[in-house]
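Structure file query.cif (mmCIF, C-alpha atoms) is printed below.
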```cif
data_coords
loop_
_atom_site.label_atom_id
_atom_site.label_comp_id
_atom_site.auth_asym_id
_atom_site.auth_seq_id
_atom_site.Cartn_x
_atom_site.Cartn_y
_atom_site.Cartn_z
CA MET A 960 133.10 241.61 246.51
CA PHE A 961 129.94 243.51 245.56
CA GLU A 962 130.09 242.24 242.00
CA ILE A 963 130.03 238.66 243.30
CA LEU A 964 127.72 238.87 246.32
CA GLY A 965 125.90 242.19 246.11
CA ASP A 966 125.21 244.46 249.08
CA ALA A 967 122.40 242.45 250.67
CA ASN A 968 124.28 239.15 250.53
CA SER A 969 127.42 240.85 251.86
CA VAL A 970 125.71 242.17 254.99
CA ALA A 971 123.96 238.80 255.44
CA LEU A 972 127.37 237.07 255.35
CA ILE A 973 128.72 239.51 257.94
CA GLY A 974 125.72 238.78 260.15
CA LEU A 975 126.13 235.04 259.62
CA LEU A 976 129.78 235.01 260.71
CA GLY A 977 129.14 237.11 263.79
CA GLY A 978 126.06 235.05 264.61
CA ILE A 979 128.09 231.82 264.52
CA VAL A 980 130.44 233.29 267.13
CA LEU A 981 127.46 234.28 269.28
CA GLY A 982 125.95 230.82 268.95
CA LEU A 983 129.21 229.17 269.97
CA ALA A 984 129.54 231.55 272.92
CA ALA A 985 126.07 230.59 274.13
CA ARG A 986 126.56 226.83 273.90
CA ILE A 987 130.26 226.45 274.76
CA GLY A 988 130.88 229.59 276.83
CA ARG A 989 127.42 229.55 278.52
CA PHE A 990 126.95 233.21 277.66
CA CYS A 991 123.35 233.91 278.70
CA THR A 992 121.54 236.98 280.04
CA LEU A 993 118.99 235.20 282.19
CA GLY A 994 121.55 232.68 283.42
CA ALA A 995 123.87 235.50 284.49
CA ILE A 996 121.09 237.25 286.42
CA GLU A 997 119.89 234.00 288.00
CA ASP A 998 123.43 233.03 289.07
CA CYS A 999 123.95 236.44 290.64
CA LEU A 1000 120.65 236.52 292.55
CA TYR A 1001 120.31 232.90 293.64
CA ALA A 1002 123.74 231.26 293.46
CA ASN A 1003 125.91 234.11 294.75
CA ASP A 1004 127.98 233.77 291.57
CA ASP A 1005 128.64 236.90 289.52
CA ARG A 1006 131.05 235.35 287.03
CA ARG A 1007 128.58 235.34 284.14
CA LEU A 1008 127.64 238.96 284.88
CA ARG A 1009 131.35 239.80 284.75
CA MET A 1010 131.50 237.87 281.49
CA TRP A 1011 128.78 240.25 280.25
CA ALA A 1012 130.85 243.21 281.45
CA VAL A 1013 133.83 241.94 279.42
CA ALA A 1014 131.60 241.66 276.34
CA ILE A 1015 130.34 245.22 276.81
CA GLY A 1016 133.82 246.55 277.53
CA VAL A 1017 135.36 244.95 274.46
CA ALA A 1018 132.43 246.12 272.32
CA VAL A 1019 132.83 249.70 273.61
CA ILE A 1020 136.59 249.66 273.01
CA GLY A 1021 136.24 248.12 269.54
CA SER A 1022 133.45 250.43 268.41
CA HIS A 1023 135.18 253.61 269.58
CA ALA A 1024 138.51 252.47 268.15
CA ALA A 1025 136.74 251.94 264.82
CA MET A 1026 135.38 255.49 265.09
CA ALA A 1027 138.89 256.80 265.75
CA PHE A 1028 140.19 255.09 262.60
CA GLU A 1029 137.11 256.29 260.65
CA TRP A 1030 136.02 252.72 260.00
CA PHE A 1031 132.62 253.42 261.50
CA ASP A 1032 130.33 256.42 261.99
CA PRO A 1033 127.62 255.71 264.60
CA SER A 1034 125.63 258.91 264.16
CA GLY A 1035 123.11 257.35 261.78
CA THR A 1036 122.46 254.20 263.79
CA ARG A 1037 119.03 253.84 265.33
CA TYR A 1038 120.39 253.81 268.87
CA LEU A 1039 121.94 257.27 268.47
CA ALA A 1040 119.84 258.96 265.79
CA GLN A 1041 116.50 258.28 267.50
CA THR A 1042 115.66 260.64 270.36
CA TRP A 1043 115.90 258.70 273.59
CA ASN A 1044 112.59 258.00 275.32
CA PRO A 1045 113.40 257.16 278.98
CA ILE A 1046 109.86 255.95 279.68
CA GLY A 1047 110.07 253.55 276.75
CA SER A 1048 113.43 252.25 277.98
CA VAL A 1049 112.07 251.58 281.47
CA ILE A 1050 108.71 250.09 280.49
CA GLY A 1051 110.06 248.13 277.54
CA GLY A 1052 113.04 246.89 279.56
CA LEU A 1053 110.81 245.78 282.45
CA MET A 1054 108.50 243.97 280.03
CA PHE A 1055 111.39 242.27 278.28
CA GLY A 1056 113.11 241.22 281.50
CA TYR A 1057 109.92 239.89 283.05
CA GLY A 1058 108.95 238.01 279.89
CA MET A 1059 112.48 236.60 279.64
CA ALA A 1060 112.26 235.18 283.16
CA ILE A 1061 108.76 233.77 282.66
CA SER A 1062 109.66 232.11 279.35
CA GLY A 1063 113.07 230.96 280.60
CA ASN A 1064 115.07 232.58 277.79
CA CYS A 1065 115.54 235.73 275.74
CA GLY A 1066 115.39 235.65 271.94
CA TYR A 1067 119.12 235.04 271.66
CA GLY A 1068 119.04 232.33 274.32
CA ALA A 1069 116.02 230.67 272.70
CA LEU A 1070 117.85 230.54 269.37
CA ALA A 1071 120.88 229.01 271.09
CA ARG A 1072 118.73 226.36 272.78
CA LEU A 1073 116.90 225.65 269.53
CA GLY A 1074 120.27 225.04 267.89
CA GLY A 1075 120.87 222.44 270.60
CA GLY A 1076 117.64 220.60 269.77
CA ASP A 1077 115.16 222.19 272.23
CA LEU A 1078 111.85 222.29 270.37
CA ARG A 1079 110.22 224.34 273.14
CA SER A 1080 112.49 227.19 272.11
CA PHE A 1081 111.10 226.99 268.58
CA VAL A 1082 107.75 228.11 269.95
CA ILE A 1083 109.40 230.92 271.92
CA VAL A 1084 111.28 232.13 268.83
CA LEU A 1085 108.11 232.18 266.72
CA ILE A 1086 106.08 234.08 269.31
CA ILE A 1087 108.80 236.67 269.99
CA GLY A 1088 109.11 237.36 266.27
CA LEU A 1089 105.35 237.57 265.68
CA SER A 1090 104.61 239.69 268.75
CA ALA A 1091 107.49 242.06 267.97
CA TYR A 1092 106.20 242.59 264.43
CA ALA A 1093 102.62 243.09 265.66
CA VAL A 1094 103.81 246.05 267.73
CA MET A 1095 106.52 247.29 265.37
CA SER A 1096 104.60 247.40 262.08
CA GLY A 1097 101.41 245.40 262.63
CA PRO A 1098 97.98 246.20 264.10
CA LEU A 1099 99.42 247.61 267.34
CA ALA A 1100 102.00 249.87 265.66
CA HIS A 1101 99.84 253.02 265.71
CA MET A 1102 99.11 252.59 269.41
CA ARG A 1103 102.81 252.11 270.14
CA ILE A 1104 103.76 255.27 268.27
CA TRP A 1105 100.97 257.20 270.03
CA VAL A 1106 102.09 256.05 273.49
CA PHE A 1107 105.84 256.04 272.74
CA PRO A 1108 106.45 258.65 270.00
CA VAL A 1109 109.42 258.03 267.73
CA GLU A 1110 111.45 261.15 266.91
CA MET A 1111 114.70 261.41 265.00
CA ASP A 1112 117.31 263.99 265.96
CA LEU A 1113 120.53 263.95 263.97
CA SER A 1114 121.65 267.28 265.45
CA GLU A 1115 122.68 265.74 268.79
CA THR A 1116 124.12 262.24 268.94
CA GLN A 1117 122.38 260.34 271.76
CA SER A 1118 125.59 258.96 273.29
CA LEU A 1119 127.33 259.46 276.63
CA SER A 1120 130.75 259.61 274.98
CA PHE A 1121 129.60 262.32 272.56
CA LEU A 1122 127.93 264.17 275.45
CA ALA A 1123 131.24 264.11 277.31
CA GLU A 1124 132.92 265.51 274.22
CA ARG A 1125 130.41 268.37 274.04
CA LEU A 1126 130.86 269.18 277.73
CA THR A 1127 134.63 268.75 278.08
CA SER A 1128 136.06 268.78 274.53
CA ILE A 1129 137.65 265.39 275.26
CA PRO A 1130 137.23 263.31 272.07
CA ALA A 1131 134.33 260.86 272.23
CA GLU A 1132 136.62 258.09 271.00
CA PHE A 1133 138.96 258.58 273.96
CA VAL A 1134 136.06 258.63 276.41
CA GLY A 1135 134.80 255.36 274.92
CA LEU A 1136 138.20 253.68 275.12
CA LEU A 1137 138.57 254.66 278.79
CA THR A 1138 135.04 253.51 279.62
CA GLY A 1139 135.48 250.16 277.88
CA ALA A 1140 138.82 249.59 279.56
CA ALA A 1141 137.27 250.40 282.96
CA LEU A 1142 134.55 247.81 282.38
CA VAL A 1143 137.10 245.12 281.48
CA VAL A 1144 139.25 245.99 284.50
CA PHE A 1145 136.19 245.84 286.75
CA ALA A 1146 135.27 242.41 285.37
CA MET A 1147 138.79 241.06 285.77
CA ALA A 1148 139.14 242.38 289.33
CA SER A 1149 137.48 239.24 290.66
CA ARG A 1150 139.95 236.46 291.47
CA ARG A 1151 137.17 233.91 291.02
CA PHE A 1152 136.46 235.23 287.53
CA ARG A 1153 140.15 235.28 286.62
CA SER A 1154 140.30 231.59 287.54
CA SER A 1155 137.91 230.91 284.61
CA PRO A 1156 139.82 232.40 281.65
CA SER A 1157 137.52 230.76 279.12
CA GLN A 1158 134.66 232.93 280.36
CA ALA A 1159 136.67 236.09 279.76
CA LEU A 1160 137.67 234.85 276.30
CA TRP A 1161 134.09 234.07 275.30
CA GLY A 1162 132.92 237.40 276.67
CA GLY A 1163 135.56 239.11 274.54
CA ALA A 1164 134.49 237.08 271.50
CA VAL A 1165 130.91 238.29 271.93
CA GLY A 1166 132.10 241.89 272.10
CA LEU A 1167 134.15 241.46 268.92
CA ALA A 1168 131.15 239.91 267.14
CA ILE A 1169 129.17 243.07 267.92
CA VAL A 1170 131.99 245.27 266.61
CA SER A 1171 132.28 243.17 263.44
CA GLY A 1172 128.64 243.91 262.70
CA TRP A 1173 129.11 247.67 263.02
CA VAL A 1174 132.34 247.83 261.01
CA GLY A 1175 131.32 245.33 258.35
CA THR A 1176 127.90 246.78 257.59
CA TYR A 1177 129.25 250.34 257.66
CA TRP A 1178 131.86 249.35 255.09
CA VAL A 1179 129.13 247.91 252.88
CA ALA A 1180 126.98 251.01 253.41
CA THR A 1181 129.78 253.37 252.35
CA HIS A 1182 131.14 251.29 249.48
CA GLY A 1183 128.00 249.65 248.15
CA PHE A 1184 125.16 250.90 246.00
CA ASP A 1185 121.93 249.71 247.65
CA GLY A 1186 121.69 252.04 250.63
CA GLU A 1187 122.44 249.53 253.37
CA THR A 1188 122.70 250.92 256.91
CA ALA A 1189 125.19 250.24 259.70
CA GLN A 1190 123.76 247.69 262.11
CA THR A 1191 124.74 244.87 264.39
CA HIS A 1192 123.21 242.02 266.36
CA THR A 1193 119.89 242.11 268.20
CA PHE A 1194 117.30 239.38 268.57
CA ALA A 1195 113.66 240.43 268.66
CA ALA A 1196 112.49 242.06 265.43
CA PRO A 1197 115.18 240.13 263.46
CA LEU A 1198 113.36 236.93 264.40
CA GLY A 1199 110.29 238.35 262.64
CA ASP A 1200 112.48 239.52 259.73
CA THR A 1201 113.78 235.98 259.32
CA MET A 1202 110.29 234.46 259.41
CA LEU A 1203 109.14 237.00 256.80
CA TYR A 1204 112.11 236.18 254.57
CA LEU A 1205 111.38 232.45 254.78
CA MET A 1206 107.84 233.13 253.57
CA THR A 1207 108.67 235.71 250.88
CA ALA A 1208 112.23 234.88 249.76
CA SER A 1209 111.31 234.93 246.08
CA GLY A 1210 110.37 238.60 246.35
CA THR A 1211 112.80 239.83 249.01
CA THR A 1212 116.53 239.81 249.63
CA LEU A 1213 118.74 238.52 252.36
CA SER A 1214 119.58 240.87 255.22
CA PHE A 1215 121.92 241.20 258.15
CA ALA A 1216 119.10 240.07 260.45
CA VAL A 1217 118.56 236.83 258.53
CA GLY A 1218 122.28 236.13 258.50
CA SER A 1219 122.59 236.86 262.21
CA VAL A 1220 119.71 234.61 263.24
CA SER A 1221 120.92 231.82 260.97
CA GLY A 1222 124.45 232.18 262.31
CA VAL A 1223 123.37 231.78 265.94
CA LEU A 1224 121.47 228.61 265.03
CA ILE A 1225 124.49 227.20 263.19
CA GLY A 1226 126.94 228.19 265.92
CA ALA A 1227 124.69 226.77 268.64
CA PHE A 1228 124.33 223.50 266.76
CA LEU A 1229 128.09 223.22 266.24
CA GLY A 1230 128.76 224.09 269.87
CA SER A 1231 126.25 221.62 271.30
CA TRP A 1232 127.36 218.88 268.88
CA SER A 1233 131.04 219.39 269.71
CA LYS A 1234 130.32 218.94 273.43
CA GLY A 1235 127.97 216.03 272.90
CA HIS A 1236 125.02 218.01 274.26
CA PHE A 1237 122.77 217.99 271.19
CA ARG A 1238 119.50 216.18 271.80
CA TRP A 1239 115.89 216.68 270.83
CA GLU A 1240 113.73 217.96 273.67
CA ALA A 1241 110.02 218.73 273.88
CA CYS A 1242 107.72 220.11 276.54
CA GLU A 1243 105.87 217.44 278.52
CA ASP A 1244 103.91 219.88 280.71
CA PRO A 1245 101.33 222.05 278.91
CA ARG A 1246 101.29 224.48 281.87
CA GLU A 1247 105.01 225.09 281.41
CA LEU A 1248 104.55 225.67 277.69
CA LYS A 1249 101.72 228.12 278.40
CA ARG A 1250 103.97 230.08 280.74
CA GLN A 1251 106.77 230.17 278.17
CA MET A 1252 104.41 231.34 275.43
CA VAL A 1253 103.05 234.17 277.58
CA GLY A 1254 106.57 235.25 278.48
CA ALA A 1255 107.59 235.28 274.81
CA ALA A 1256 104.52 237.34 273.92
CA ILE A 1257 105.58 239.94 276.50
CA MET A 1258 109.22 239.96 275.38
CA GLY A 1259 108.61 240.85 271.73
CA PRO A 1260 106.67 244.09 272.37
CA GLY A 1261 109.02 244.96 275.24
CA ALA A 1262 112.03 244.80 272.92
CA VAL A 1263 110.32 247.01 270.34
CA ILE A 1264 109.29 249.60 272.92
CA ALA A 1265 112.80 249.62 274.43
CA VAL A 1266 114.39 249.69 270.92
CA GLY A 1267 116.35 246.52 271.59
CA CYS A 1268 116.59 243.32 273.59
CA SER A 1269 119.15 242.10 276.10
CA VAL A 1270 121.72 241.89 273.30
CA GLY A 1271 120.48 244.86 271.27
CA GLN A 1272 120.45 247.31 274.17
CA GLY A 1273 122.59 245.34 276.61
CA ILE A 1274 125.62 245.10 274.30
CA SER A 1275 125.04 246.67 270.86
CA ALA A 1276 123.65 250.01 272.13
CA PHE A 1277 126.07 249.86 275.06
CA SER A 1278 128.97 249.58 272.60
CA LEU A 1279 128.07 253.12 271.45
CA LEU A 1280 127.41 254.28 275.03
CA ALA A 1281 123.89 255.20 273.97
CA TYR A 1282 121.82 257.03 276.59
CA SER A 1283 119.28 254.22 276.49
CA ALA A 1284 121.66 251.32 277.15
CA PRO A 1285 122.35 251.48 280.92
CA VAL A 1286 118.75 252.41 281.75
CA THR A 1287 117.28 249.64 279.60
CA PHE A 1288 119.75 247.08 280.89
CA ALA A 1289 118.90 248.01 284.49
CA ALA A 1290 115.19 247.71 283.69
CA ILE A 1291 115.73 244.30 282.07
CA PHE A 1292 117.59 243.16 285.19
CA ALA A 1293 114.78 244.41 287.45
CA GLY A 1294 112.08 242.80 285.30
CA ALA A 1295 113.97 239.51 285.24
CA ALA A 1296 114.44 239.64 289.03
CA LEU A 1297 110.69 240.12 289.45
CA GLY A 1298 109.90 237.23 287.11
CA LEU A 1299 112.43 234.92 288.75
CA ARG A 1300 111.01 235.81 292.15
CA GLN A 1301 107.56 234.87 290.89
CA LEU A 1302 108.91 231.54 289.69
CA VAL A 1303 110.61 230.85 293.02
CA THR A 1304 107.56 231.71 295.11
CA GLY A 1305 105.29 229.69 292.81
CA LEU A 1306 102.56 232.27 292.37
CA PRO A 1307 99.40 230.97 290.62
CA PHE A 1308 100.12 232.49 287.19
CA VAL A 1309 103.55 230.83 286.96
CA ALA A 1310 102.43 227.52 288.32
CA GLY A 1311 99.67 227.43 285.72
CA ARG A 1312 96.89 226.93 288.26
#
```
Is it possible to express this structure as structure tokens?
Amino acid sequence: MFEILGDANSVALIGLLGGIVLGLAARIGRFCTLGAIEDCLYANDDRRLRMWAVAIGVAVIGSHAAMAFEWFDPSGTRYLAQTWNPIGSVIGGLMFGYGMAISGNCGYGALARLGGGDLRSFVIVLIIGLSAYAVMSGPLAHMRIWVFPVEMDLSETQSLSFLAERLTSIPAEFVGLLTGAALVVFAMASRRFRSSPSQALWGGAVGLAIVSGWVGTYWVATHGFDGETAQTHTFAAPLGDTMLYLMTASGTTLSFAVGSVSGVLIGAFLGSWSKGHFRWEACEDPRELKRQMVGAAIMGPGAVIAVGCSVGQGISAFSLLAYSAPVTFAAIFAGAALGLRQLVTGLPFVAGR
């Protein structure tokens, strides 16, 4: 495989395949972070939140099963190797959630809508990628590191399942399997949710897409020659990575991020086309576009500070039971609730007055 594709192209292909599944889940299965929160708060419908719980549960089970079979070692991933900064998780999560509500989509959701022909989402995607890079490695990077120091600690894996192993001697893999199973059981406990089996199936597909990223890239990292790292799907900095690749492809190589972003676009297009939903849309109200641009500009830095977006922390980090995942996800929920409340009450900033 490596002789034909090479390491970089191999991880890009893995990202592409998983991204297609994620794109299909968004367009056909209506898998959406903001939509799930909005349904729960304003429609008294928690089915899409339970769909998210299935995705997390399957991802936790799959990732820890892969650890048990030695198909994946999470210790070197950025979610577990980087010392957890609780303040960064809370502030970054609040920023991301608020920006997501104000813009009407997260990075993943914007990609899915762009794949369905929504040109407004193209602007959101660009601004998330640019703003994330400005804070990650651009002119605001030094300030970010000063306010939110980045420290690596490989001596203690930053995971709840590994913490349980240290405290009780119960294997981390077993703790992860039990936790994932509990999440799936919780999700399926609702009769209303069980009456929509397609939602559970798409939630499971999302979880498996996350696991495929971990296992596939780890296999390339351990069998290849170019020093690739184990990674999986997230959608903030990878948007900037993809933009950078499009501008410098002659001097750079493909990456998992580029494959993942491209896959979501392809999957979203296929999903919207198959349901007859594809159509070109543009923004007719400049005040609405201004609001969406501001929200996107808040989301990018928020994701960098929190070390992940609604998918990166909400599922990928959760799949490893990283310390940061539940705190960041709760902060994203709270930030989104605040932003949605602002939209509902029609405060001046949102209304564009």
A:Pro1260 surroundings by all atoms listed in the file, 7 Å radius, close-in-sequence under 5 positions cut, as an mmCIF file with C-alpha atoms, in the frame of the given file:
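Dumped everything to part_7.cif:
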```cif
data_model
loop_
_atom_site.group_PDB
_atom_site.id
_atom_site.type_symbol
_atom_site.label_atom_id
_atom_site.label_comp_id
_atom_site.auth_asym_id
_atom_site.auth_seq_id
_atom_site.Cartn_x
_atom_site.Cartn_y
_atom_site.Cartn_z
ATOM 1 C CA SER A 1090 104.610 239.690 268.750
ATOM 2 C CA ALA A 1091 107.490 242.060 267.970
ATOM 3 C CA VAL A 1094 103.810 246.050 267.730
#
```
Enumerate, as a ChimeraX atom specification, the protein, DNA and RNA residues whose atoms approach (128.5, 240.3, 258.6) to within 7 Å, taking into account all atoms listed in the file and the coordinate frame of the file. /A:969-977,1171-1172,1175-1176,1215
Excluding same-chain residues fewer than 3 positions from A:Met1147, what lies within 10 Å of it counting all atoms listed in the file, as a VMD selection string? chain A and resid 1006 1009 to 1010 1012 to 1013 1141 to 1144 1150 to 1154 1156 1159
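The result of the PyMOL selection byres ((chain A and resi 1077) around 9) on the shown file is Ala1069, Ala1071, Arg1072, Leu1073, Gly1074, Gly1075, Gly1076, Leu1078, Arg1079, Ser1080, Phe1081, Phe1237, Arg1238, Trp1239, Glu1240, Ala1241 and Cys1242 of chain A.
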Among the residues A:Trp1161, A:Trp1173, A:Phe1055, A:Tyr1038, the one that comes closest to A:Asp1112 [using all atoms listed in the file]: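 Of A:Trp1161, A:Trp1173, A:Phe1055, A:Tyr1038, the one nearest A:Asp1112 is A:Tyr1038, counting all atoms listed in the file.
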Let me make sure I understand: among A:Ile1225, A:Ala967, A:Ala985, A:Leu1089, which one has the smallest atom-to-atom distance to A:Phe1184 if we use all atoms listed in the file?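 Using all atoms listed in the file, the shortest distance to A:Phe1184 belongs to A:Ala967.
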Any chance you could work out the axis-aligned box around stretch 969-977 of chain A, listed atoms only, 8 Å on each side, giving centre and edge lengths in Å to one decimal, as AutoDock Vina command-line options?
```
--center_x 126.9 --center_y 238.6 --center_z 257.8 --size_x 21.8 --size_y 23.2 --size_z 27.9
```
Will you model N, CA and C atoms for stretch 1247-1267 of chain A and pass it back as a short mmCIF file (atom, residue, chain, number, x, y, z; two decimals), keeping the file's coordinate frame?
```cif
data_model
loop_
_atom_site.label_atom_id
_atom_site.label_comp_id
_atom_site.auth_asym_id
_atom_site.auth_seq_id
_atom_site.Cartn_x
_atom_site.Cartn_y
_atom_site.Cartn_z
N GLU A 1247 103.70 224.46 281.62
CA GLU A 1247 105.01 225.09 281.41
C GLU A 1247 105.07 225.76 280.04
N LEU A 1248 104.55 225.09 279.03
CA LEU A 1248 104.55 225.67 277.69
C LEU A 1248 103.70 226.94 277.65
N LYS A 1249 102.56 226.93 278.35
CA LYS A 1249 101.72 228.12 278.40
C LYS A 1249 102.49 229.29 279.00
N ARG A 1250 103.18 229.03 280.09
CA ARG A 1250 103.97 230.08 280.74
C ARG A 1250 105.04 230.63 279.79
N GLN A 1251 105.73 229.74 279.09
CA GLN A 1251 106.77 230.17 278.17
C GLN A 1251 106.20 230.99 277.01
N MET A 1252 105.04 230.61 276.53
CA MET A 1252 104.41 231.34 275.43
C MET A 1252 103.99 232.75 275.87
N VAL A 1253 103.44 232.85 277.07
CA VAL A 1253 103.05 234.17 277.58
C VAL A 1253 104.29 235.05 277.76
N GLY A 1254 105.34 234.49 278.31
CA GLY A 1254 106.57 235.25 278.48
C GLY A 1254 107.12 235.74 277.16
N ALA A 1255 107.11 234.88 276.13
CA ALA A 1255 107.59 235.28 274.81
C ALA A 1255 106.74 236.39 274.22
N ALA A 1256 105.43 236.32 274.45
CA ALA A 1256 104.52 237.34 273.92
C ALA A 1256 104.73 238.69 274.59
N ILE A 1257 105.26 238.69 275.81
CA ILE A 1257 105.58 239.94 276.50
C ILE A 1257 106.94 240.48 276.03
N MET A 1258 107.87 239.57 275.78
CA MET A 1258 109.22 239.96 275.38
C MET A 1258 109.26 240.72 274.06
N GLY A 1259 108.55 240.22 273.05
CA GLY A 1259 108.61 240.85 271.73
C GLY A 1259 108.23 242.32 271.76
N PRO A 1260 107.03 242.67 272.28
CA PRO A 1260 106.67 244.09 272.37
C PRO A 1260 107.63 244.88 273.27
N GLY A 1261 108.09 244.26 274.36
CA GLY A 1261 109.02 244.96 275.24
C GLY A 1261 110.28 245.38 274.51
N ALA A 1262 110.81 244.49 273.68
CA ALA A 1262 112.03 244.80 272.92
C ALA A 1262 111.79 245.93 271.93
N VAL A 1263 110.62 245.95 271.30
CA VAL A 1263 110.32 247.01 270.34
C VAL A 1263 110.18 248.36 271.05
N ILE A 1264 109.48 248.36 272.17
CA ILE A 1264 109.29 249.60 272.92
C ILE A 1264 110.63 250.13 273.45
N ALA A 1265 111.49 249.22 273.91
CA ALA A 1265 112.80 249.62 274.43
C ALA A 1265 113.84 249.84 273.34
N VAL A 1266 113.48 249.57 272.07
CA VAL A 1266 114.39 249.69 270.92
C VAL A 1266 115.58 248.74 271.10
N GLY A 1267 115.29 247.51 271.49
CA GLY A 1267 116.35 246.52 271.59
C GLY A 1267 116.12 245.55 272.72
#
```
